[in-house]
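K.L.:
First the structure, which I've put down as structure tokens, then a few questions once you've had a look.
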Amino acid sequence: LRAHMFDGCCTPWPFSKTKGYCTVYHYGERLQRAHILVCTWVNGPKPSPDAHARHLCGKGQFGCFNAECMQWGTAKDNYEDARRHGTACIGERNGFSKLTDEAVIEIRALKGKVTQQSLADRFGVTQQLISMVQSGIGWNHIAEAS
């Protein structure tokens with residue numbers, strides 16, 4: 001990791017990672033995620049079984065494990081953090097997406113000018129997805145075309 005990725009409170013994890021998460025054997029037991037251990041040490045045990053350790057800094061994907069950056073929250077809190085930090089796997093950041101942000105803007109601009117089925121055929125998706133994109137239900141993180 002390059003040092004410039006971390007500013008303020010962030011501290012990069014210098015050791016191994018599993019699926020992008022910092023991992024450690026805690027007391028020789030099973031492999032655990034370091035950020036969860038740090039959050040527990042600083043903020044106490046999980047307030048509920050479904051609590052998430054949030055990276056308030058937005059650098060969790062780079063391995064930040066600094067105690068100042070960690071806080072317990074809900075899955076929704078964690079998701080909203082990711083959206084705010086631009087790290088959520090939505091839109092073209094989702095590895096399964098067939099559309100790009102640019103395609104979504106074009107699809108919306110063609111609403112009412114071209115059939116949804118012809119757009120679906122052109123972009124290799126279903127007519128239902130085109131409908132969702134044009135109605136703003138799908139890909140709602142992309143601003144409406146003007």
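We name chains A, B, ... following the order of the structure tokens; residues begin at 1 in each chain, and ligands are numbered from 1 as shown.
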For region 40-47 of chain A, find every residue with an atom within 12 Å (counting only C-alpha atoms), except residues of its own chain fewer than 4 positions away, and show them as a list in words.
P.N.:
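Residues meeting the cut-off are Arg33, Ala34, His35, Ile36, Ala51, His52, Ala53, Arg54, Phe65, Asn66, Ala67, Glu68, Cys69, Met70, Gln71, Trp72, Gly73 and Thr74 of chain A.
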K.L.:
Write a file of the selected residues as a tab-separated table (two decimals), in the first residue's frame, keeping C-alpha atoms.
P.N.:
```
chain	number	residue	atom	x	y	z
A	33	ARG	CA	-10.89	-10.16	10.97
A	34	ALA	CA	-8.62	-7.62	12.62
A	35	HIS	CA	-11.00	-4.67	12.28
A	36	ILE	CA	-13.67	-6.57	14.22
A	51	ALA	CA	-23.86	-5.54	14.34
A	52	HIS	CA	-21.22	-4.51	11.81
A	53	ALA	CA	-17.81	-2.97	12.44
A	54	ARG	CA	-17.93	0.25	10.42
A	65	PHE	CA	-7.56	-1.00	11.31
A	66	ASN	CA	-7.06	2.14	13.40
A	67	ALA	CA	-9.26	2.21	16.50
A	68	GLU	CA	-10.28	5.83	15.84
A	69	CYS	CA	-11.85	4.75	12.56
A	70	MET	CA	-13.94	1.89	13.97
A	71	GLN	CA	-17.50	1.97	15.32
A	72	TRP	CA	-20.37	-0.53	15.69
A	73	GLY	CA	-23.44	0.00	13.55
A	74	THR	CA	-26.14	-1.72	11.58
```
K.L.:
Each residue of region 36-103 of chain A lying at most 10 Å from region 123-144 of chain A should get a row with its shortest atom-to-atom pair and the distance in Å to one decimal, counting only C-alpha atoms; could you produce that, ordered by chain and increasing number, as a tab-separated table?
P.N.:
```
residue	atom	partner	partner_atom	distance
A:Arg83	CA	A:His141	CA	9.2
A:Ile90	CA	A:Trp139	CA	7.9
A:Gly91	CA	A:Trp139	CA	6.2
A:Glu92	CA	A:Trp139	CA	9.4
A:Ser97	CA	A:Val125	CA	9.8
A:Lys98	CA	A:Val125	CA	7.2
A:Leu99	CA	A:Phe123	CA	7.3
A:Thr100	CA	A:Trp139	CA	9.9
A:Asp101	CA	A:Ile142	CA	7.0
A:Glu102	CA	A:Ile142	CA	9.4
A:Ala103	CA	A:Phe123	CA	8.1
```
K.L.:
Can you list, as a VMD selection string, all residues belonging to chain A that DSSP tags as alpha helix (DSSP H)?
P.N.:
chain A and resid 34 to 43 75 to 85 101 to 109 116 to 123 127 to 135
K.L.:
Take the residues that were just selected and, keeping N, CA and C atoms, output them as a tab-separated table (two decimals), in the first residue's frame.
P.N.:
```tsv
chain	number	residue	atom	x	y	z
A	34	ALA	N	-9.27	-8.53	11.68
A	34	ALA	CA	-8.62	-7.62	12.62
A	34	ALA	C	-9.49	-6.42	12.97
A	35	HIS	N	-10.20	-5.87	11.99
A	35	HIS	CA	-11.00	-4.67	12.28
A	35	HIS	C	-12.12	-4.97	13.27
A	36	ILE	N	-12.63	-6.20	13.26
A	36	ILE	CA	-13.67	-6.57	14.22
A	36	ILE	C	-13.08	-6.69	15.62
A	37	LEU	N	-11.89	-7.27	15.71
A	37	LEU	CA	-11.22	-7.35	17.01
A	37	LEU	C	-10.92	-5.96	17.56
A	38	VAL	N	-10.41	-5.08	16.71
A	38	VAL	CA	-10.10	-3.71	17.14
A	38	VAL	C	-11.37	-2.99	17.60
A	39	CYS	N	-12.44	-3.13	16.83
A	39	CYS	CA	-13.71	-2.49	17.20
A	39	CYS	C	-14.20	-3.02	18.55
A	40	THR	N	-14.03	-4.31	18.78
A	40	THR	CA	-14.44	-4.91	20.05
A	40	THR	C	-13.59	-4.38	21.20
A	41	TRP	N	-12.29	-4.30	21.00
A	41	TRP	CA	-11.40	-3.81	22.06
A	41	TRP	C	-11.70	-2.37	22.43
A	42	VAL	N	-12.03	-1.56	21.44
A	42	VAL	CA	-12.24	-0.13	21.67
A	42	VAL	C	-13.67	0.20	22.09
A	43	ASN	N	-14.64	-0.44	21.46
A	43	ASN	CA	-16.04	-0.08	21.68
A	43	ASN	C	-16.84	-1.12	22.46
A	75	ALA	N	-26.18	-2.97	9.50
A	75	ALA	CA	-25.83	-3.23	8.10
A	75	ALA	C	-26.18	-2.01	7.24
A	76	LYS	N	-27.30	-1.38	7.57
A	76	LYS	CA	-27.70	-0.18	6.82
A	76	LYS	C	-26.69	0.95	7.02
A	77	ASP	N	-26.23	1.15	8.27
A	77	ASP	CA	-25.20	2.17	8.53
A	77	ASP	C	-23.95	1.89	7.69
A	78	ASN	N	-23.54	0.63	7.68
A	78	ASN	CA	-22.33	0.23	6.96
A	78	ASN	C	-22.51	0.47	5.46
A	79	TYR	N	-23.68	0.14	4.93
A	79	TYR	CA	-23.95	0.35	3.51
A	79	TYR	C	-23.97	1.85	3.17
A	80	GLU	N	-24.59	2.63	4.02
A	80	GLU	CA	-24.63	4.09	3.78
A	80	GLU	C	-23.23	4.69	3.85
A	81	ASP	N	-22.39	4.17	4.75
A	81	ASP	CA	-20.99	4.62	4.79
A	81	ASP	C	-20.32	4.34	3.46
A	82	ALA	N	-20.51	3.12	2.94
A	82	ALA	CA	-19.89	2.74	1.67
A	82	ALA	C	-20.38	3.62	0.53
A	83	ARG	N	-21.66	3.93	0.51
A	83	ARG	CA	-22.19	4.84	-0.53
A	83	ARG	C	-21.57	6.22	-0.40
A	84	ARG	N	-21.51	6.73	0.82
A	84	ARG	CA	-20.95	8.07	1.06
A	84	ARG	C	-19.47	8.12	0.66
A	85	HIS	N	-18.73	7.04	0.91
A	85	HIS	CA	-17.31	7.00	0.59
A	85	HIS	C	-17.03	6.61	-0.85
A	101	ASP	N	-22.31	3.13	-16.26
A	101	ASP	CA	-22.99	4.38	-15.94
A	101	ASP	C	-23.36	5.13	-17.22
A	102	GLU	N	-22.44	5.13	-18.18
A	102	GLU	CA	-22.67	5.81	-19.46
A	102	GLU	C	-23.86	5.21	-20.20
A	103	ALA	N	-23.97	3.88	-20.18
A	103	ALA	CA	-25.09	3.20	-20.84
A	103	ALA	C	-26.42	3.57	-20.18
A	104	VAL	N	-26.42	3.67	-18.85
A	104	VAL	CA	-27.64	4.03	-18.12
A	104	VAL	C	-28.10	5.43	-18.52
A	105	ILE	N	-27.17	6.35	-18.63
A	105	ILE	CA	-27.52	7.71	-19.04
A	105	ILE	C	-28.10	7.70	-20.45
A	106	GLU	N	-27.51	6.91	-21.34
A	106	GLU	CA	-28.02	6.81	-22.71
A	106	GLU	C	-29.40	6.17	-22.73
A	107	ILE	N	-29.61	5.11	-21.95
A	107	ILE	CA	-30.91	4.44	-21.89
A	107	ILE	C	-31.98	5.40	-21.41
A	108	ARG	N	-31.67	6.20	-20.43
A	108	ARG	CA	-32.65	7.17	-19.93
A	108	ARG	C	-32.93	8.26	-20.96
A	109	ALA	N	-31.91	8.67	-21.68
A	109	ALA	CA	-32.08	9.72	-22.69
A	109	ALA	C	-32.95	9.23	-23.84
A	116	GLN	N	-38.26	-0.28	-25.31
A	116	GLN	CA	-37.47	-0.89	-24.26
A	116	GLN	C	-36.85	-2.21	-24.72
A	117	GLN	N	-37.59	-2.98	-25.51
A	117	GLN	CA	-37.06	-4.26	-25.98
A	117	GLN	C	-35.86	-4.06	-26.89
A	118	SER	N	-35.92	-3.04	-27.76
A	118	SER	CA	-34.77	-2.81	-28.65
A	118	SER	C	-33.54	-2.38	-27.84
A	119	LEU	N	-33.76	-1.59	-26.78
A	119	LEU	CA	-32.65	-1.22	-25.90
A	119	LEU	C	-32.11	-2.45	-25.15
A	120	ALA	N	-33.02	-3.30	-24.70
A	120	ALA	CA	-32.61	-4.53	-24.01
A	120	ALA	C	-31.75	-5.39	-24.93
A	121	ASP	N	-32.18	-5.54	-26.17
A	121	ASP	CA	-31.42	-6.33	-27.14
A	121	ASP	C	-30.05	-5.71	-27.39
A	122	ARG	N	-30.03	-4.41	-27.53
A	122	ARG	CA	-28.77	-3.69	-27.82
A	122	ARG	C	-27.77	-3.82	-26.68
A	123	PHE	N	-28.24	-3.73	-25.43
A	123	PHE	CA	-27.33	-3.75	-24.27
A	123	PHE	C	-27.20	-5.14	-23.64
A	127	GLN	N	-35.80	-6.60	-20.85
A	127	GLN	CA	-36.67	-5.43	-20.98
A	127	GLN	C	-37.05	-4.91	-19.61
A	128	GLN	N	-37.20	-5.81	-18.63
A	128	GLN	CA	-37.55	-5.40	-17.27
A	128	GLN	C	-36.47	-4.51	-16.66
A	129	LEU	N	-35.20	-4.82	-16.92
A	129	LEU	CA	-34.12	-3.97	-16.41
A	129	LEU	C	-34.16	-2.60	-17.06
A	130	ILE	N	-34.40	-2.56	-18.35
A	130	ILE	CA	-34.51	-1.27	-19.04
A	130	ILE	C	-35.63	-0.44	-18.42
A	131	SER	N	-36.76	-1.08	-18.15
A	131	SER	CA	-37.89	-0.39	-17.52
A	131	SER	C	-37.49	0.16	-16.15
A	132	MET	N	-36.79	-0.64	-15.37
A	132	MET	CA	-36.36	-0.19	-14.04
A	132	MET	C	-35.38	0.99	-14.14
A	133	VAL	N	-34.47	0.93	-15.10
A	133	VAL	CA	-33.50	2.01	-15.29
A	133	VAL	C	-34.23	3.29	-15.70
A	134	GLN	N	-35.16	3.18	-16.64
A	134	GLN	CA	-35.86	4.37	-17.12
A	134	GLN	C	-36.81	4.95	-16.09
A	135	SER	N	-37.33	4.12	-15.21
A	135	SER	CA	-38.25	4.63	-14.18
A	135	SER	C	-37.51	5.15	-12.95
```
K.L.:
Tell me, which residues of region 21-112 of chain A carry DSSP strand (DSSP E), written as a PyMOL selection string?
P.N.:
chain A and resi 21-25+31-33+52-55+70-73
K.L.:
For the residues in the current selection, export all heavy atoms as a compact mmCIF listing (two decimals), in the first residue's frame.
P.N.:
```
# COMPACT_ATOMS: atom_id res chain seq x y z
N TYR A 21 -9.88 -8.59 3.55
CA TYR A 21 -9.98 -8.19 4.94
C TYR A 21 -8.70 -8.52 5.69
O TYR A 21 -8.09 -9.57 5.47
CB TYR A 21 -11.16 -8.89 5.63
CG TYR A 21 -12.49 -8.35 5.22
CD1 TYR A 21 -13.24 -8.98 4.24
CD2 TYR A 21 -13.02 -7.20 5.80
CE1 TYR A 21 -14.48 -8.49 3.86
CE2 TYR A 21 -14.25 -6.70 5.41
CZ TYR A 21 -14.97 -7.35 4.45
OH TYR A 21 -16.17 -6.86 4.07
N CYS A 22 -8.31 -7.65 6.60
CA CYS A 22 -7.16 -7.88 7.46
C CYS A 22 -7.50 -9.03 8.39
O CYS A 22 -8.56 -9.03 9.02
CB CYS A 22 -6.87 -6.64 8.29
SG CYS A 22 -6.80 -5.13 7.33
N THR A 23 -6.61 -9.99 8.47
CA THR A 23 -6.90 -11.16 9.29
C THR A 23 -5.77 -11.45 10.27
O THR A 23 -4.61 -11.10 10.03
CB THR A 23 -7.14 -12.40 8.42
OG1 THR A 23 -6.01 -12.58 7.57
CG2 THR A 23 -8.39 -12.27 7.58
N VAL A 24 -6.14 -12.10 11.37
CA VAL A 24 -5.17 -12.43 12.41
C VAL A 24 -5.68 -13.65 13.17
O VAL A 24 -6.89 -13.85 13.29
CB VAL A 24 -4.95 -11.22 13.36
CG1 VAL A 24 -6.21 -10.89 14.12
CG2 VAL A 24 -3.79 -11.46 14.29
N TYR A 25 -4.73 -14.47 13.66
CA TYR A 25 -5.11 -15.56 14.55
C TYR A 25 -5.12 -14.99 15.96
O TYR A 25 -4.09 -14.59 16.48
CB TYR A 25 -4.14 -16.74 14.45
CG TYR A 25 -4.37 -17.57 13.22
CD1 TYR A 25 -3.61 -17.39 12.07
CD2 TYR A 25 -5.38 -18.52 13.20
CE1 TYR A 25 -3.85 -18.15 10.94
CE2 TYR A 25 -5.62 -19.29 12.07
CZ TYR A 25 -4.85 -19.10 10.95
OH TYR A 25 -5.09 -19.84 9.84
N LEU A 31 -8.90 -17.96 12.53
CA LEU A 31 -8.61 -16.73 11.82
C LEU A 31 -9.76 -15.75 12.03
O LEU A 31 -10.92 -16.11 11.84
CB LEU A 31 -8.44 -17.03 10.34
CG LEU A 31 -7.76 -15.99 9.47
CD1 LEU A 31 -6.32 -15.76 9.92
CD2 LEU A 31 -7.76 -16.45 8.02
N GLN A 32 -9.45 -14.52 12.43
CA GLN A 32 -10.48 -13.52 12.66
C GLN A 32 -10.12 -12.24 11.91
O GLN A 32 -8.96 -11.98 11.61
CB GLN A 32 -10.63 -13.22 14.15
CG GLN A 32 -11.13 -14.41 14.93
CD GLN A 32 -11.37 -14.07 16.39
OE1 GLN A 32 -11.22 -12.93 16.82
NE2 GLN A 32 -11.75 -15.07 17.17
N ARG A 33 -11.11 -11.44 11.65
CA ARG A 33 -10.89 -10.16 10.97
C ARG A 33 -10.39 -9.14 12.00
O ARG A 33 -11.04 -8.91 13.02
CB ARG A 33 -12.17 -9.69 10.29
CG ARG A 33 -12.54 -10.60 9.14
CD ARG A 33 -13.77 -10.14 8.45
NE ARG A 33 -13.99 -10.98 7.28
CZ ARG A 33 -15.10 -10.96 6.58
NH1 ARG A 33 -16.09 -10.17 6.92
NH2 ARG A 33 -15.23 -11.75 5.54
N HIS A 52 -22.35 -4.57 12.75
CA HIS A 52 -21.22 -4.51 11.81
C HIS A 52 -20.18 -3.55 12.35
O HIS A 52 -20.52 -2.51 12.92
CB HIS A 52 -21.69 -3.99 10.44
CG HIS A 52 -22.52 -4.96 9.69
ND1 HIS A 52 -22.14 -5.47 8.48
CD2 HIS A 52 -23.72 -5.53 9.96
CE1 HIS A 52 -23.06 -6.30 8.03
NE2 HIS A 52 -24.03 -6.35 8.92
N ALA A 53 -18.91 -3.89 12.11
CA ALA A 53 -17.81 -2.97 12.44
C ALA A 53 -17.67 -2.02 11.25
O ALA A 53 -17.33 -2.44 10.15
CB ALA A 53 -16.53 -3.73 12.69
N ARG A 54 -17.96 -0.76 11.49
CA ARG A 54 -17.93 0.25 10.42
C ARG A 54 -16.57 0.92 10.35
O ARG A 54 -15.96 1.21 11.36
CB ARG A 54 -18.98 1.32 10.69
CG ARG A 54 -20.38 0.80 10.72
CD ARG A 54 -21.35 1.79 11.32
NE ARG A 54 -21.34 3.07 10.61
CZ ARG A 54 -21.82 4.20 11.14
NH1 ARG A 54 -22.34 4.21 12.35
NH2 ARG A 54 -21.79 5.31 10.45
N HIS A 55 -16.10 1.18 9.14
CA HIS A 55 -14.90 1.99 8.92
C HIS A 55 -15.37 3.41 8.63
O HIS A 55 -15.79 3.70 7.50
CB HIS A 55 -14.10 1.46 7.74
CG HIS A 55 -13.37 0.20 8.00
ND1 HIS A 55 -13.91 -1.04 7.75
CD2 HIS A 55 -12.14 -0.02 8.51
CE1 HIS A 55 -13.04 -1.96 8.09
NE2 HIS A 55 -11.96 -1.38 8.56
N MET A 70 -13.00 3.00 13.81
CA MET A 70 -13.94 1.89 13.97
C MET A 70 -15.11 2.24 14.89
O MET A 70 -14.94 2.92 15.90
CB MET A 70 -13.22 0.66 14.55
CG MET A 70 -11.99 0.21 13.77
SD MET A 70 -12.28 -0.13 12.03
CE MET A 70 -13.57 -1.30 12.11
N GLN A 71 -16.30 1.75 14.52
CA GLN A 71 -17.50 1.97 15.32
C GLN A 71 -18.51 0.88 14.96
O GLN A 71 -18.59 0.44 13.83
CB GLN A 71 -18.09 3.35 15.02
CG GLN A 71 -19.27 3.72 15.87
CD GLN A 71 -19.76 5.11 15.51
OE1 GLN A 71 -20.27 5.34 14.42
NE2 GLN A 71 -19.55 6.04 16.43
N TRP A 72 -19.30 0.44 15.95
CA TRP A 72 -20.37 -0.53 15.69
C TRP A 72 -21.55 0.17 15.03
O TRP A 72 -21.82 1.33 15.32
CB TRP A 72 -20.86 -1.20 16.98
CG TRP A 72 -19.85 -2.11 17.62
CD1 TRP A 72 -19.32 -1.97 18.87
CD2 TRP A 72 -19.27 -3.29 17.08
NE1 TRP A 72 -18.44 -2.99 19.12
CE2 TRP A 72 -18.40 -3.82 18.04
CE3 TRP A 72 -19.40 -3.95 15.86
CZ2 TRP A 72 -17.66 -4.98 17.83
CZ3 TRP A 72 -18.65 -5.10 15.65
CH2 TRP A 72 -17.80 -5.61 16.62
N GLY A 73 -22.24 -0.53 14.18
CA GLY A 73 -23.44 0.00 13.55
C GLY A 73 -24.23 -1.12 12.91
O GLY A 73 -23.86 -2.29 12.98
```
